[in-house]
Structure formats: C-alpha cells, structure tokens
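Trainee: I'd like to ask some things about the structure below.
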Amino acid sequence: MAVTDLLPPSERKGRQRPGATALRSMAAGALLRGPLISFVFVLGLWSVVGVLQLVPESIFPAPWSVWSATVEMWANGTLPNDLSVSRSRAAIGFTIGASLGVALGLMTGRIAVVRTLLNPFLTVLRPIPAIALVPVAIVWFGIGEGSKYFVISYTVFLTVWFNTHHGMEYVPEVYLRAARSLGVSRLREFLTVIVPAAAPYIFAGLRLGVALAFLSLVAAELSGASSGIGYRLQEARQYIRTDRMFSLLIILGLMGATVDLIVHRISRKLVHWEQS
Amino acid sequence: MTNDIKEGHVRVEDVTINFAGKSGPVTALDTTSVELKPGTFTALIGPSGCGKSTLMNAIGGFVTPSTGRITLDGTPITGPSTKVGVIFQQYGLFPWFTALGNVRFGLKRYGLPKSEEIDRARAALDEVGLGAHADKFPQQLSGGMKQRVAIARTFAVGPKVLLMDEPFGALDAQTRLVMHDLLLDVWQKHRATVLFVTHDVDEALLLADDVRVMSQAPGRLIRHYEIRQPRPRALSRSGSDLLATRDEIIDLLRPAGALADVH
Ligand SMILES: Nc1ncnc2c1ncn2[C@@H]1O[C@H](COP(=O)(O)OP(=O)(O)OP(=O)(O)O)[C@@H](O)[C@H]1O
Ligand SMILES: [Mg+2]
C-alpha cells in the first residue's frame, strides 16, 4: 500500500526537532560561560587603561579608584541607604505599574468597549519618556515619594499593558474552539485558557517593565530627591566625583540585571511549556 | 450495528458560506446539502481550499452559514457545544496542562468531586492506551499520543457528533494505521456520528461508511460512495471493490488542468 506517497510535508518538520534542541542547549551552555568571560575581558581592558594612565583619573577613573569610592560610600552609610531607598521606590513603582498594566491589558484584550475607549489613548501615551513626566509628577505629588512612584509606575504600566494586550490578541483560535466545544464556563476559559496562553507575552512585558523601572527610577530621582542612586549620581556630578559616578552606574546595572534574571527564572518556571 | 442510535442526526440544508475578502465576498462553500445519519462515519475528501474545514466549522458552530441551515437532532446549531466534539489537526491540547489535566478540563462542567473527576479522566486515557503517560505535558508526547489525548478528552464529554479535520495529517504512515484502529475502536464504544476530513483517499476508504467528494473551490459535494465492506478493511486484498472506488476518487480529485501544471 503506497501510503508513504501521501505523507504531508509537515511530517518532515517533526523529524528535525532533536537537532534543534541540541543546538539550543549548546547555546545555553555558552550563555552560562559568556557573561563571566565578558566581565573579565572588560575589567582587564579597563585595568590596562588605568595602569597606563592614558586618560586623566577625573575623566575615566581606574577600576581600583572606583572600588575605593564604593567602599567609601558604603562606610559612610550613604550607599546602603541609597540602595534601600532606590530599591523600594523601584519595587513599589514596579508593583503598582505592573498590576495595573496586567489588569488593564486583560481588559482591553477581552472587552471590546474598554479597548475602543482606551487603546488609542494609551498608544499616544507610550512614546512619552519618563523624564518628561517628572515636572508634572512634582506638581501633582510634590517632591516626596509619591512623584517617584508615579513616574516609575507610569512607565512600567504602559509597557506591561501593551504586552499583555498583545498577548491576549494572539491567543490561538484553536484553544478557544477547543474550550468552547468542551463546554467550560467563560470564567474558567478566561482563567485557564486565555490567561495562560497570553502568559508568555505578559512575562515578556514584565521583564521589559523591570528594565524600565530602573530607567525611570533615575529619571525620577534626578530632581526633587535627597537620597537614592539617581540623586547620588547628580550629587557626584556637582563634586566631579567620576569614581563615584562609575560606582553608582555599575551598581545600577548590576541591580537591574539581577532583577531581570530573577524575573526570567520565575517566568521560565511558570511558563514552562514555552521553550524558547 | 448503527440502527439503534437515535441521536447525532446532522442535517445541512442548502448551506452556503461566504467570507469577506479583499475584493468583495469570497464563497468558501457553495450550496451544500448533506445528511449525516446517527452513528455513521462520513469521510469528506476534496481539493485544498474547497471548503471542507469551512463546512466542518459550520457544523461545529464556529462559523455561521450565510444561507441555509444546519440542525442537530432537529435543533439549529447556533454555536459550539459539547454535543459536537472537535478534533483538530494541530491537536488543540493546552500545553500548560498535563495529559490528565487536559482531559479533566473537559470534565469540569460536570462539577464532579475531585477524585471522581481524576478517575474518569484516567479511565479515558486508559481507553486510548495512554494511562502510563497521564502526567506528561503535551510537548513531551509524540504526535500520535497527542492526538490520542485529544480523542480521550473529546469522548469523555460524550459528544453526539465528532468532527475531525485532518486529524492524522501530521502523523507518519505507521502511526496513522495504529490511530485508525484506535479511532474505530473508541468510536464503536461511544457511537458518535463522525465527520472526518482527509486528503488521503485510502484513509477515507478504510474508515468511512460514506465517502463524500467535493469539487474544486468554491466547493460543493459532487459524489457519494457508500462503503459497505465490514471493518477492519484492507486495500491490498486483490479483487477488492475498494481499489476501483479508490481509482475513481483519485480521478475525481485530479484538477481539470492538471496536465498543463506538470513541470
Ligand atoms: N475566516 C476566513 N476568512 C476568509 N476566507 C476564508 C476563511 N476561512 C476560509 N476561507 C477561504 O475559504 C476557502 C475554503 O477554505 P477551507 O479552509 O474550508 O478549505 P479546505 O477545504 O479545508 O482546504 P484544506 O484542504 O487546504 O484544508 C478558501 O479559499 C479559504 O481561503
Ligand atoms: Mg482544511
């Protein structure tokens, strides 16, 4: 029986999968070793520049000067305080913005009225950078914590909303059809089909949101703050303490990367079916 | 064998289905009337794009006919329901649930106690020979196994009609033969009216009581073969009428200008 002739080409696709998986796991191994190599390389290069004194210290400080500035700021207590202040601003701003973003994204994704009323408006808001909002935030919320939370959560909110909304739009039709013909309630369909199907997009939005929380944190602290990493950067500029600036920038980068890694890990656990 | 079944009677009456295309409406299904008698197995075969999936989606309640009407046991179909089960070529399993979780999902509407729900889901998986894989996620299963989970999930809610749109199209020849036996087995136990879309003439002849052939797009039903050979059937047996029917269908499916297309 010549059944083989009738094999569709899609069958051939299925057979390529083991190779692709192997490639992916190799890439994962490279990723683990990648960052370390990169850090050692950059630090080495930077040290060479420092040793040769190619550039004045006040413009481009050597690694050891940055290190001692860090120790100094830690010892006098400003760094631990700045860290905890900035961390809680970013965390609170992120939490507010992300919750609102997910909630509204689920709504604009599912409810046509809400979508019609809000989507064009939100789309216009998206290109407004966080720093442009600072003056408004200060008028509305004063120079206290409120204006920082506002700027951060606003930025996070828009990105998380956007990604959630799009995740909802791309819920595969076949899932909805399967759910409908199995007769589950609309609520169960929403909670156990639509939300999980959109989850990979929601998490992508949350990761972007984390990065933006740190970005807008600095914007929020550049004016009207008396502590925090962003404020300390501003202060370092006044005293032309480039070593401190470098230290603070590196800390900011490490904080952001760490939180990003954590969110990434969590999302891989929760959205375990999404391989890439 | 099928005489005592009373439910699952599908009538498609003068149905046409149009979609809004870029340049005006497109006819996806031309005037079609067909009756699926309770408990019968109908294979639908036709050139790509002739409207097989469209007809199926209409019976499934996913698409509303532009004209005509479709009834199930005398009641018009107005939307998807558990009376009409659907098996998709892309499986339609939820990757965030295990095999067991997928079957349980369908059982939710019965509001069973948890242990009973699990027992019933397990029994459904056992029936398709997947008891040992209940806790695997769809991504960990082969194509054939996925489709078995989908079959278990659908039959577990007791549909009167089962729609299958190229369900085994993505499987290799060997797996396909295994799936044919399994499907016939489960179908004979649960006795639903089956509408089965395929591009594989052999598959249609091996499985169906009725083989319906559609024309080129915009499709309409052009031929009806009643296959009366008892199952299990084989096409290789010499002197089988099935081979003659097979040649006829293949001839029907050959596009009019096929010779001109050969490169
Ligand atoms: N939602 C839709 N909107 C617009 N056109 C559609 C839609 N669904 C189907 N069509 C069109 O209707 C026609 C019939 O499509 P259908 O999917 O029913 O064909 P088919 O017989 O199932 O083909 P295949 O064998 O390739 O699966 C095609 O021309 C297709 O482009
Ligand atoms: Mg189709």
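Just so we're on the same page: first chain in the structure tokens is A, next is B, and so on; residues restart at 1 for each chain, and ligands are numbered from 1 in the order they show up.
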Could you list, as a PyMOL selection string, all residues that come within 9 Å of ligand 2? Count only C-alpha atoms and all ligand atoms.
Mentor: chain B and resi 48-54+56+165-166+197-198
Trainee: Please identify all protein, DNA and RNA residues within 10 Å of ligand 1, counting only C-alpha atoms and all ligand atoms, and report them as a PyMOL selection string.
Mentor: chain B and resi 17-22+25-30+44-58+63+89+165-166+197-199+214-219
Trainee: Compute the chain B side of the contact with chain A at 8 Å, counting only C-alpha atoms, and hand it back as a PyMOL selection string.
Mentor: chain B and resi 60+62+80-86+88+90+92-96+105-106+108-109+139+154+157+169-173+200+202+235-236
Trainee: Please dump the current selection as an mmCIF file, in the first residue's frame; keep N, CA and C atoms.
Mentor:
```cif
data_model
loop_
_atom_site.group_PDB
_atom_site.id
_atom_site.type_symbol
_atom_site.label_atom_id
_atom_site.label_comp_id
_atom_site.auth_asym_id
_atom_site.auth_seq_id
_atom_site.Cartn_x
_atom_site.Cartn_y
_atom_site.Cartn_z
ATOM 1 N N GLY B 60 -19.592 22.679 13.596
ATOM 2 C CA GLY B 60 -19.065 22.869 14.949
ATOM 3 C C GLY B 60 -19.604 24.112 15.627
ATOM 4 N N PHE B 62 -18.713 27.185 14.869
ATOM 5 C CA PHE B 62 -17.700 28.245 14.922
ATOM 6 C C PHE B 62 -17.931 29.283 13.832
ATOM 7 N N PRO B 80 -20.800 26.645 19.356
ATOM 8 C CA PRO B 80 -20.160 25.422 19.815
ATOM 9 C C PRO B 80 -20.881 24.840 21.036
ATOM 10 N N SER B 81 -20.906 23.539 21.138
ATOM 11 C CA SER B 81 -21.489 22.912 22.325
ATOM 12 C C SER B 81 -20.833 21.557 22.537
ATOM 13 N N THR B 82 -21.084 20.979 23.682
ATOM 14 C CA THR B 82 -20.474 19.678 23.971
ATOM 15 C C THR B 82 -21.125 18.561 23.168
ATOM 16 N N LYS B 83 -22.234 18.868 22.503
ATOM 17 C CA LYS B 83 -22.865 17.838 21.667
ATOM 18 C C LYS B 83 -22.012 17.568 20.435
ATOM 19 N N VAL B 84 -21.249 18.563 20.035
ATOM 20 C CA VAL B 84 -20.391 18.408 18.864
ATOM 21 C C VAL B 84 -18.929 18.501 19.305
ATOM 22 N N GLY B 85 -18.262 17.359 19.310
ATOM 23 C CA GLY B 85 -16.850 17.339 19.690
ATOM 24 C C GLY B 85 -15.978 17.621 18.483
ATOM 25 N N VAL B 86 -14.823 18.214 18.724
ATOM 26 C CA VAL B 86 -13.941 18.574 17.616
ATOM 27 C C VAL B 86 -12.527 18.078 17.884
ATOM 28 N N PHE B 88 -8.783 18.529 16.276
ATOM 29 C CA PHE B 88 -8.079 19.408 15.350
ATOM 30 C C PHE B 88 -6.794 18.749 14.855
ATOM 31 N N GLN B 90 -4.043 20.295 14.571
ATOM 32 C CA GLN B 90 -2.980 20.811 15.460
ATOM 33 C C GLN B 90 -3.252 20.422 16.911
ATOM 34 N N GLY B 92 -4.883 20.949 19.458
ATOM 35 C CA GLY B 92 -5.682 21.800 20.342
ATOM 36 C C GLY B 92 -5.559 21.448 21.813
ATOM 37 N N LEU B 93 -4.457 20.779 22.176
ATOM 38 C CA LEU B 93 -4.240 20.493 23.598
ATOM 39 C C LEU B 93 -3.636 21.714 24.259
ATOM 40 N N PHE B 94 -3.945 21.885 25.541
ATOM 41 C CA PHE B 94 -3.384 23.020 26.272
ATOM 42 C C PHE B 94 -2.021 22.624 26.820
ATOM 43 N N PRO B 95 -0.957 23.314 26.383
ATOM 44 C CA PRO B 95 0.387 22.884 26.786
ATOM 45 C C PRO B 95 0.672 23.124 28.273
ATOM 46 N N TRP B 96 -0.173 23.922 28.931
ATOM 47 C CA TRP B 96 0.063 24.182 30.356
ATOM 48 C C TRP B 96 -0.599 23.123 31.239
ATOM 49 N N PHE B 105 -9.981 19.013 32.188
ATOM 50 C CA PHE B 105 -10.521 20.311 31.760
ATOM 51 C C PHE B 105 -11.909 20.135 31.141
ATOM 52 N N GLY B 106 -12.031 19.105 30.291
ATOM 53 C CA GLY B 106 -13.322 18.859 29.654
ATOM 54 C C GLY B 106 -14.388 18.384 30.641
ATOM 55 N N LYS B 108 -14.775 19.394 33.669
ATOM 56 C CA LYS B 108 -15.078 20.412 34.682
ATOM 57 C C LYS B 108 -16.564 20.734 34.772
ATOM 58 N N ARG B 109 -17.221 20.746 33.616
ATOM 59 C CA ARG B 109 -18.600 21.207 33.641
ATOM 60 C C ARG B 109 -19.538 20.262 34.384
ATOM 61 N N GLN B 139 3.909 18.607 25.175
ATOM 62 C CA GLN B 139 5.203 18.754 24.488
ATOM 63 C C GLN B 139 6.062 17.516 24.650
ATOM 64 N N THR B 154 -12.132 14.516 24.127
ATOM 65 C CA THR B 154 -13.398 14.805 23.460
ATOM 66 C C THR B 154 -14.458 13.760 23.788
ATOM 67 N N VAL B 157 -16.516 13.843 27.184
ATOM 68 C CA VAL B 157 -17.681 14.685 27.435
ATOM 69 C C VAL B 157 -18.916 14.186 26.661
ATOM 70 N N GLY B 169 -3.243 14.008 9.772
ATOM 71 C CA GLY B 169 -2.473 14.552 8.658
ATOM 72 C C GLY B 169 -1.011 14.769 8.977
ATOM 73 N N ALA B 170 -0.692 14.984 10.269
ATOM 74 C CA ALA B 170 0.695 15.279 10.624
ATOM 75 C C ALA B 170 1.437 14.037 11.100
ATOM 76 N N LEU B 171 0.795 12.865 11.012
ATOM 77 C CA LEU B 171 1.421 11.658 11.551
ATOM 78 C C LEU B 171 2.059 10.820 10.446
ATOM 79 N N ASP B 172 3.041 10.013 10.826
ATOM 80 C CA ASP B 172 3.663 9.142 9.826
ATOM 81 C C ASP B 172 2.733 7.965 9.512
ATOM 82 N N ALA B 173 3.011 7.292 8.414
ATOM 83 C CA ALA B 173 2.111 6.257 7.893
ATOM 84 C C ALA B 173 1.829 5.172 8.927
ATOM 85 N N ASP B 200 -6.410 11.910 2.274
ATOM 86 C CA ASP B 200 -5.886 10.577 1.994
ATOM 87 C C ASP B 200 -7.049 9.665 1.609
ATOM 88 N N ASP B 202 -7.085 6.574 0.740
ATOM 89 C CA ASP B 202 -7.029 5.269 1.405
ATOM 90 C C ASP B 202 -7.634 5.344 2.798
ATOM 91 N N LEU B 235 -6.878 -2.420 1.769
ATOM 92 C CA LEU B 235 -6.966 -2.057 0.354
ATOM 93 C C LEU B 235 -6.118 -2.966 -0.512
ATOM 94 N N SER B 236 -5.234 -3.723 0.120
ATOM 95 C CA SER B 236 -4.286 -4.510 -0.662
ATOM 96 C C SER B 236 -4.902 -5.814 -1.165
#
```
Trainee: Quick one: pick out all strand (DSSP E) residues within segment 4-220 of chain B from a backbone DSSP run and write them as an NGL selection string.
Mentor: :B and (10-21 or 24-36 or 41-45 or 67-72 or 75-76 or 84-87 or 161-165 or 193-198 or 210-214)
Trainee: Between A:Leu158, A:Leu233, A:Ala62, A:Val55, single out the one closest to Ser99 of chain A, counting only C-alpha atoms.
Mentor: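 Residue with the minimum atom-to-atom distance to Ser99 of chain A: A:Leu158.
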Trainee: When you draw a straight line from atom CA of Leu222 of chain A to atom CA of Ser84 of chain A, how long is it in Å?
Mentor: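 Going from atom CA of Leu222 of chain A over to atom CA of Ser84 of chain A covers 16.7 Å.
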Trainee: State, in Å with one decimal place, the distance from atom CA of Ile77 of chain B to atom CA of Leu221 of chain B.
Mentor: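 Interatomic distance here is 20.7 Å.
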Trainee: One decimal, Å: what's the distance from atom CA of Val171 of chain A over to atom CA of Phe97 of chain B, could you say?
Mentor: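 Computing it gives 15.9 Å between the two atoms.
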Trainee: Can you check which residues of segment 13-251 of chain B DSSP gives as alpha helix (DSSP H) on the backbone and send them as an MDAnalysis selection string?
Mentor: chainID B and resid 52:59 99:107 114:127 143:156 173:190 201:207 241:251
Trainee: Near Ile249 of chain B, counting only C-alpha atoms, which residues have an atom at most 9 Å away, once you skip same-chain residues fewer than 4 positions from it, shown as number ranges by chain?
Mentor: B: 45, 201, 213, 223, 244-245, 253-254
